[in-house]
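Next comes run.csv, a file with CSV, C-alpha atoms.
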chain,number,residue,atom,x,y,z
A,603,MET,CA,32.2,136.2,-16.8
A,604,PRO,CA,34.6,137.8,-19.2
A,605,SER,CA,36.1,141.2,-18.5
A,606,THR,CA,34.4,144.1,-20.4
A,607,ASN,CA,37.5,146.4,-20.0
A,608,ALA,CA,38.4,147.7,-23.4
A,609,HIS,CA,42.0,148.5,-22.3
A,610,PRO,CA,43.9,145.6,-20.8
A,611,THR,CA,45.9,146.5,-17.7
A,612,SER,CA,48.6,143.9,-18.1
A,613,GLY,CA,52.0,144.9,-19.4
A,614,PRO,CA,53.9,148.2,-19.2
A,615,HIS,CA,52.3,151.3,-20.7
A,616,PRO,CA,54.1,154.2,-22.4
A,617,GLY,CA,55.7,156.4,-19.8
A,618,ASP,CA,55.7,153.9,-17.0
A,619,ARG,CA,59.5,153.5,-16.9
A,620,LEU,CA,60.0,157.3,-17.0
A,621,ILE,CA,57.7,157.7,-14.1
A,622,MET,CA,59.5,155.0,-12.1
A,623,VAL,CA,63.0,156.3,-12.9
A,624,GLY,CA,62.0,159.9,-12.3
A,625,GLY,CA,60.5,158.9,-8.9
A,626,ILE,CA,63.7,157.1,-7.8
A,627,ILE,CA,65.9,160.0,-8.9
A,628,PHE,CA,63.5,162.5,-7.2
A,629,LEU,CA,63.7,160.5,-3.9
A,630,VAL,CA,67.5,160.4,-4.1
A,631,GLY,CA,67.5,164.2,-4.6
A,632,ILE,CA,65.2,164.7,-1.7
A,633,LEU,CA,67.3,162.4,0.5
A,634,ALA,CA,70.4,164.4,-0.5
A,635,THR,CA,68.6,167.6,0.4
A,636,LEU,CA,67.8,166.3,3.8
A,637,ILE,CA,71.4,165.2,4.3
A,638,THR,CA,72.8,168.6,3.3
A,639,LEU,CA,70.6,170.2,6.0
A,640,VAL,CA,72.2,168.1,8.8
A,641,PRO,CA,75.4,170.2,9.2
A,642,PHE,CA,73.3,173.4,9.8
A,643,PHE,CA,71.5,171.8,12.7
A,644,VAL,CA,74.5,169.9,14.2
A,645,GLY,CA,77.0,172.7,13.7
A,646,THR,CA,79.6,170.8,11.8
A,647,ARG,CA,81.3,171.6,8.5
A,648,ALA,CA,79.3,171.7,5.3
A,649,PHE,CA,79.4,168.8,2.8
A,650,PRO,CA,81.4,169.1,-0.4
A,651,THR,CA,79.8,170.7,-3.5
A,652,PRO,CA,78.9,167.5,-5.3
A,653,VAL,CA,76.5,166.6,-2.5
A,654,TYR,CA,74.7,169.9,-3.0
A,655,LEU,CA,74.7,169.3,-6.8
A,656,VAL,CA,73.0,165.9,-6.3
A,657,ALA,CA,70.5,167.5,-4.0
A,658,VAL,CA,69.6,170.3,-6.5
A,659,LEU,CA,69.8,168.4,-9.8
A,660,GLY,CA,68.5,165.1,-8.5
A,661,SER,CA,65.2,166.4,-7.3
A,662,SER,CA,64.5,168.7,-10.2
A,663,LEU,CA,65.7,166.2,-12.8
A,664,GLY,CA,63.6,163.4,-11.2
A,665,LEU,CA,60.5,165.6,-11.0
A,666,GLY,CA,61.0,166.5,-14.7
A,667,LEU,CA,61.4,162.9,-15.8
A,668,ALA,CA,58.3,161.8,-13.8
A,669,LEU,CA,56.2,164.6,-15.3
A,670,ALA,CA,57.4,163.7,-18.8
A,671,GLY,CA,56.3,160.1,-18.1
A,672,LEU,CA,52.9,161.3,-17.0
A,673,VAL,CA,52.5,163.4,-20.1
A,674,ARG,CA,53.6,160.5,-22.3
A,675,SER,CA,51.2,158.1,-20.6
A,676,ALA,CA,48.3,160.6,-20.8
A,677,HIS,CA,49.0,161.2,-24.5
A,678,ALA,CA,49.1,157.5,-25.3
A,679,GLN,CA,45.7,157.0,-23.5
A,680,HIS,CA,44.0,159.9,-25.3
A,681,PRO,CA,41.5,158.7,-27.9
A,682,ARG,CA,42.8,160.9,-30.7
A,683,SER,CA,46.3,159.5,-30.4
A,684,ARG,CA,45.0,156.1,-31.4
A,685,GLN,CA,43.4,157.4,-34.6
A,686,ALA,CA,45.2,157.7,-37.9
A,687,PRO,CA,46.8,161.1,-38.3
A,688,ARG,CA,44.8,163.6,-40.4
A,689,ARG,CA,46.3,165.3,-43.4
Target encoding structure tokens, full file:
Amino acid sequence: MPSTNAHPTSGPHPGDRLIMVGGIIFLVGILATLITLVPFFVGTRAFPTPVYLVAVLGSSLGLGLALAGLVRSAHAQHPRSRQAPRR
């Protein structure tokens, strides 16, 4: 029996790559955040400033990229975006 799905699921969709890259950057930022907390619990010296920058910028930049990918994907799937633009 043939599929009745009007939208094929094969192949990448708009925004998929942004979501994936954003998720990876977000996870790196969260991991860096957890690593920067270790010296406070162990009682050792703090890490250098670049580690804190990766923690702060990585999680926020990753979240922003993933959200932009979600918006792009939702916009591409919206019915009005497939119609010809009105003048």
* **Answer as a list in words, residues within 7 Å of (49.5, 151.3, -22.9) using only C-alpha atoms** =>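 The distance filter leaves exactly Pro614, His615, Pro616, Ala678 and Gln679 of chain A.
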* **Near-A:Gly664 list (10 Å; all atoms listed in the file; drop same-chain fewer than 5 positions) as number ranges by chain** => A: 620-632, 659, 669-670
* To do: In Å, rounded to a single decimal, give me how far atom CA of A:Leu655 is from atom CA of A:Leu633.
  => 12.5 Å
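Here atom CA of A:Gly617 stands at a distance of 17.9 Å from atom CA of A:Ser662.
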* **Residue with smallest distance to A:Leu636 - pool A:Val653, A:Arg619, A:Leu672, A:Leu663, counting all atoms listed in the file** => A:Val653
* To do: For atom CA of A:Leu639 and atom CA of A:Thr651, determine how far apart the two atoms are, in Å to one decimal place.
  =>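 Atom CA of A:Leu639 sits 13.2 Å away from atom CA of A:Thr651.
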Using the incomplete input, complete stretch 649-675 of chain A to the level of N, CA and C atoms; output as a PDB file, in the frame of the given file.
ATOM      1  N   PHE A 649      79.012 169.917   3.709  1.00  0.00           N
ATOM      2  CA  PHE A 649      79.400 168.800   2.800  1.00  0.00           C
ATOM      3  C   PHE A 649      80.095 169.427   1.566  1.00  0.00           C
ATOM      4  N   PRO A 650      80.811 168.599   0.808  1.00  0.00           N
ATOM      5  CA  PRO A 650      81.400 169.100  -0.400  1.00  0.00           C
ATOM      6  C   PRO A 650      80.354 169.461  -1.471  1.00  0.00           C
ATOM      7  N   THR A 651      80.753 170.212  -2.455  1.00  0.00           N
ATOM      8  CA  THR A 651      79.800 170.700  -3.500  1.00  0.00           C
ATOM      9  C   THR A 651      79.090 169.636  -4.239  1.00  0.00           C
ATOM     10  N   PRO A 652      79.690 168.491  -4.572  1.00  0.00           N
ATOM     11  CA  PRO A 652      78.900 167.500  -5.300  1.00  0.00           C
ATOM     12  C   PRO A 652      77.657 167.010  -4.570  1.00  0.00           C
ATOM     13  N   VAL A 653      77.682 167.013  -3.253  1.00  0.00           N
ATOM     14  CA  VAL A 653      76.500 166.600  -2.500  1.00  0.00           C
ATOM     15  C   VAL A 653      75.370 167.612  -2.738  1.00  0.00           C
ATOM     16  N   TYR A 654      75.700 168.889  -2.778  1.00  0.00           N
ATOM     17  CA  TYR A 654      74.700 169.900  -3.000  1.00  0.00           C
ATOM     18  C   TYR A 654      74.193 169.831  -4.480  1.00  0.00           C
ATOM     19  N   LEU A 655      75.083 169.487  -5.397  1.00  0.00           N
ATOM     20  CA  LEU A 655      74.700 169.300  -6.800  1.00  0.00           C
ATOM     21  C   LEU A 655      73.689 168.170  -6.962  1.00  0.00           C
ATOM     22  N   VAL A 656      73.952 167.067  -6.263  1.00  0.00           N
ATOM     23  CA  VAL A 656      73.000 165.900  -6.300  1.00  0.00           C
ATOM     24  C   VAL A 656      71.682 166.332  -5.730  1.00  0.00           C
ATOM     25  N   ALA A 657      71.710 167.118  -4.672  1.00  0.00           N
ATOM     26  CA  ALA A 657      70.500 167.500  -4.000  1.00  0.00           C
ATOM     27  C   ALA A 657      69.647 168.435  -4.972  1.00  0.00           C
ATOM     28  N   VAL A 658      70.303 169.377  -5.609  1.00  0.00           N
ATOM     29  CA  VAL A 658      69.600 170.300  -6.500  1.00  0.00           C
ATOM     30  C   VAL A 658      69.181 169.672  -7.792  1.00  0.00           C
ATOM     31  N   LEU A 659      70.126 169.027  -8.442  1.00  0.00           N
ATOM     32  CA  LEU A 659      69.800 168.400  -9.800  1.00  0.00           C
ATOM     33  C   LEU A 659      68.998 167.183  -9.655  1.00  0.00           C
ATOM     34  N   GLY A 660      69.195 166.394  -8.616  1.00  0.00           N
ATOM     35  CA  GLY A 660      68.500 165.100  -8.500  1.00  0.00           C
ATOM     36  C   GLY A 660      66.977 165.344  -8.338  1.00  0.00           C
ATOM     37  N   SER A 661      66.588 166.249  -7.463  1.00  0.00           N
ATOM     38  CA  SER A 661      65.200 166.400  -7.300  1.00  0.00           C
ATOM     39  C   SER A 661      64.500 167.087  -8.465  1.00  0.00           C
ATOM     40  N   SER A 662      65.148 168.061  -9.085  1.00  0.00           N
ATOM     41  CA  SER A 662      64.500 168.700 -10.200  1.00  0.00           C
ATOM     42  C   SER A 662      64.525 167.807 -11.469  1.00  0.00           C
ATOM     43  N   LEU A 663      65.605 167.090 -11.705  1.00  0.00           N
ATOM     44  CA  LEU A 663      65.700 166.200 -12.800  1.00  0.00           C
ATOM     45  C   LEU A 663      64.673 165.024 -12.661  1.00  0.00           C
ATOM     46  N   GLY A 664      64.593 164.487 -11.460  1.00  0.00           N
ATOM     47  CA  GLY A 664      63.600 163.400 -11.200  1.00  0.00           C
ATOM     48  C   GLY A 664      62.207 163.847 -11.364  1.00  0.00           C
ATOM     49  N   LEU A 665      61.885 165.031 -10.880  1.00  0.00           N
ATOM     50  CA  LEU A 665      60.500 165.600 -11.000  1.00  0.00           C
ATOM     51  C   LEU A 665      60.221 165.767 -12.524  1.00  0.00           C
ATOM     52  N   GLY A 666      61.176 166.291 -13.260  1.00  0.00           N
ATOM     53  CA  GLY A 666      61.000 166.500 -14.700  1.00  0.00           C
ATOM     54  C   GLY A 666      60.758 165.198 -15.448  1.00  0.00           C
ATOM     55  N   LEU A 667      61.526 164.171 -15.132  1.00  0.00           N
ATOM     56  CA  LEU A 667      61.400 162.900 -15.800  1.00  0.00           C
ATOM     57  C   LEU A 667      60.006 162.250 -15.459  1.00  0.00           C
ATOM     58  N   ALA A 668      59.608 162.327 -14.200  1.00  0.00           N
ATOM     59  CA  ALA A 668      58.300 161.800 -13.800  1.00  0.00           C
ATOM     60  C   ALA A 668      57.166 162.497 -14.489  1.00  0.00           C
ATOM     61  N   LEU A 669      57.247 163.816 -14.574  1.00  0.00           N
ATOM     62  CA  LEU A 669      56.200 164.600 -15.300  1.00  0.00           C
ATOM     63  C   LEU A 669      56.182 164.265 -16.759  1.00  0.00           C
ATOM     64  N   ALA A 670      57.346 164.088 -17.359  1.00  0.00           N
ATOM     65  CA  ALA A 670      57.400 163.700 -18.800  1.00  0.00           C
ATOM     66  C   ALA A 670      56.761 162.337 -18.983  1.00  0.00           C
ATOM     67  N   GLY A 671      56.981 161.428 -18.056  1.00  0.00           N
ATOM     68  CA  GLY A 671      56.300 160.100 -18.100  1.00  0.00           C
ATOM     69  C   GLY A 671      54.842 160.196 -18.012  1.00  0.00           C
ATOM     70  N   LEU A 672      54.365 161.068 -17.124  1.00  0.00           N
ATOM     71  CA  LEU A 672      52.900 161.300 -17.000  1.00  0.00           C
ATOM     72  C   LEU A 672      52.302 161.837 -18.250  1.00  0.00           C
ATOM     73  N   VAL A 673      52.982 162.799 -18.850  1.00  0.00           N
ATOM     74  CA  VAL A 673      52.500 163.400 -20.100  1.00  0.00           C
ATOM     75  C   VAL A 673      52.467 162.354 -21.202  1.00  0.00           C
ATOM     76  N   ARG A 674      53.519 161.564 -21.283  1.00  0.00           N
ATOM     77  CA  ARG A 674      53.600 160.500 -22.300  1.00  0.00           C
ATOM     78  C   ARG A 674      52.483 159.483 -22.113  1.00  0.00           C
ATOM     79  N   SER A 675      52.248 159.100 -20.872  1.00  0.00           N
ATOM     80  CA  SER A 675      51.200 158.100 -20.600  1.00  0.00           C
ATOM     81  C   SER A 675      49.823 158.694 -20.896  1.00  0.00           C
TER      82      SER A 675
END
